[in-house]
Structure formats: structure tokens, C-alpha cells
Amino acid sequence: MAILNILEFPDSRLRTIAKPVAVVDADIRQLVDDMFETMYEAPGIGLAATQVNVHKRVVVMDLSEDRSDPRVFINPEIEMLTDEMDQYQEGCLSVPGFYENVDRPQKVRIKALDRDGNAYEEIAEGLLAVCIQHECDHLNGKLFVDYLSNLKRDRIKKKLEKLHKQNA
């Protein structure tokens with residue numbers, strides 16, 4: 001397994017739309033394993049392949065406190081099941097150090113393939129619903145900062161660009 005480099009906003013590669021996975025093979029399973037290692041090390045609760053500059057529709061997630069519930073979503077599709085919105089404070093490994101409130105539908109249906117390529121679907125609410133929507137946004141080239149005002153997004157962008165220059 002390997003720890004992968006996480007792209008940070010405003011890196012333009014984060015805007016790439018991910019391609020569907022044609023076949024779940026050993027390479028995809030290795031990517032999943034590397035993504036879990038990267039996510040846990042960061043530490044985070046979700047990671048999309050786009051964030052590690054792999055433009056395939058793969059998401060890993062673990063919402064447990066003790067890293068006991070690793071979940072894999074390959075080619076995830078989400079369907080909104082309600083117009084009711086919940087507001088959660090979201091953060092992102094690609095926008096380190098920033099947390100902002102985002103409104104998202106409370107309840108969604110997820111259809112995806114697991115680590116072995118088996119199809120499944122489930123209804124998600126609460127944190128799982130928020131997290132899968134956030135990670136699917138990444139696969140579509142969108143970041144949580146896109147839900148913010150231009151002023152907030154520009155402020156975050158400037159701060160991160162300054163940090164990147166200092167660390168270069």
C-alpha cells in the first residue's frame with residue numbers, strides 16, 4: 001500500500017470529471033487500498049480518487065471512530081429522495097483547515113459497486129448522505145467551496161495559495 005498525494009484547492013486537476021470504472025480488477029483494488037491508507041493517514045472520513053489525481057469514479061469512506069467500517073463506492077450514483085435539506089459543517093482534505101456550512105438533501109439512494117465489483121444499493125441519511133454527496137461532487141469536478149459565496153471561496157483560495165507558496 002502507498003500514501004498518495006492529495007491535491008489541494010485551487011489545483012485545476014480537482015475540476016476533472018472522473019471516468020466510470022469499466023472493470024473492477026487488481027489495479028482498482030490496489031487503488032482502493034492506497035486510498036484508504038491515504039485517507040486514514042490524512043486523517044479524513046472520505047476520499048474520492050479525483051483528490052489523488054486518479055480520474056476514475058472511486059470513493060472510499062469510513063465514518064466510524066475506530067476505522068472499523070471501511071466502505072467502497074465504485075461508479076457511485078446518487079438519487080435525491082427528499083427535497084428536505086440538512087445543513088452540515090463540511091471540511092475537505094483538498095481544502096485543509098477550512099470548514100463551512102453546506103445545505104444538502106437529507107436522504108439519498110446510493111447505487112454502486114463494492115471492492116469486488118458487486119452491485120449494491122442503499123438508502124443514506126445523516127452523515128453518510130452528506131459524505132457520499134460531497135465525494136460524488138469530487139468525481140464531477142466540484143468542491144464544497146463551490147456552494148459558498150464568491151467572497152468566502154476567494155478568501156479560502158487566497159489563503160491556500162499563500163500557504164502553497166510558503167511551502168514551495
# chains A, B, ... in the order shown; residues from 1 in each chain; ligands from 1
$ closest_atom_pairs --of "stretch 43-121 of chain A" --to "stretch 145-151 of chain A" --cutoff "12 Å" --atoms "only C-alpha atoms" --output "tab-separated table"
residue	atom	partner	partner_atom	distance
A:Gln87	CA	A:Tyr147	CA	11.8
A:Gln89	CA	A:Val145	CA	11.6
A:Glu90	CA	A:Val145	CA	9.4
A:Gly91	CA	A:Val145	CA	9.3
A:Cys92	CA	A:Val145	CA	9.4
A:Ser94	CA	A:Val145	CA	10.4
A:Val95	CA	A:Val145	CA	8.3
A:Pro96	CA	A:Val145	CA	11.6
A:Phe98	CA	A:Val145	CA	9.4
A:Tyr99	CA	A:Val145	CA	9.3
A:Glu100	CA	A:Leu148	CA	8.0
A:Asn101	CA	A:Leu148	CA	8.4
A:Val102	CA	A:Tyr147	CA	6.7
A:Asp103	CA	A:Tyr147	CA	8.3
A:Arg104	CA	A:Tyr147	CA	10.0
$ select_by_dssp --residues "stretch 61-151 of chain A" --states "alpha helix (DSSP H)" --output "list in words"
Gly126, Leu127, Leu128, Ala129, Val130, Cys131, Ile132, Gln133, His134, Glu135, Cys136, Asp137, His138, Leu139, Asn150 and Leu151 of chain A
$ atom_distance --atom1 "atom CA of A:Leu4" --atom2 "atom CA of A:Lys56"
14.8 Å
$ closest_residue --among "A:Ile6, A:Asp83, A:Lys162, A:Asp116" --to "A:Ala26" --atoms "only C-alpha atoms"
A:Asp116
$ closest_residue --among "A:Asn75, A:Thr38, A:Gln166, A:Asn5" --to "A:Arg115" --atoms "only C-alpha atoms"
A:Asn75
$ closest_residue --among "A:Pro70, A:Pro76, A:Pro10, A:Pro43" --to "A:Arg109" --atoms "only C-alpha atoms"
A:Pro76
$ closest_residue --among "A:Phe9, A:Leu143, A:Val108, A:Asp69" --to "A:Leu163" --atoms "only C-alpha atoms"
A:Phe9
$ residues_around --residues "A:Val130" --least-positions-apart "5" --cutoff "8 Å" --atoms "only C-alpha atoms" --output "list in words"
Tyr88, Arg104, Pro105, Gln106 and Glu125 of chain A
$ write_last_selection --atoms "C-alpha atoms" --output "compact mmCIF listing (two decimals), in the first residue's frame"
# COMPACT_ATOMS: atom_id res chain seq x y z
CA TYR A 88 -23.69 20.25 7.90
CA ARG A 104 -27.63 19.11 1.10
CA PRO A 105 -30.64 16.80 0.68
CA GLN A 106 -31.30 14.79 3.86
CA GLU A 125 -29.36 9.73 5.70
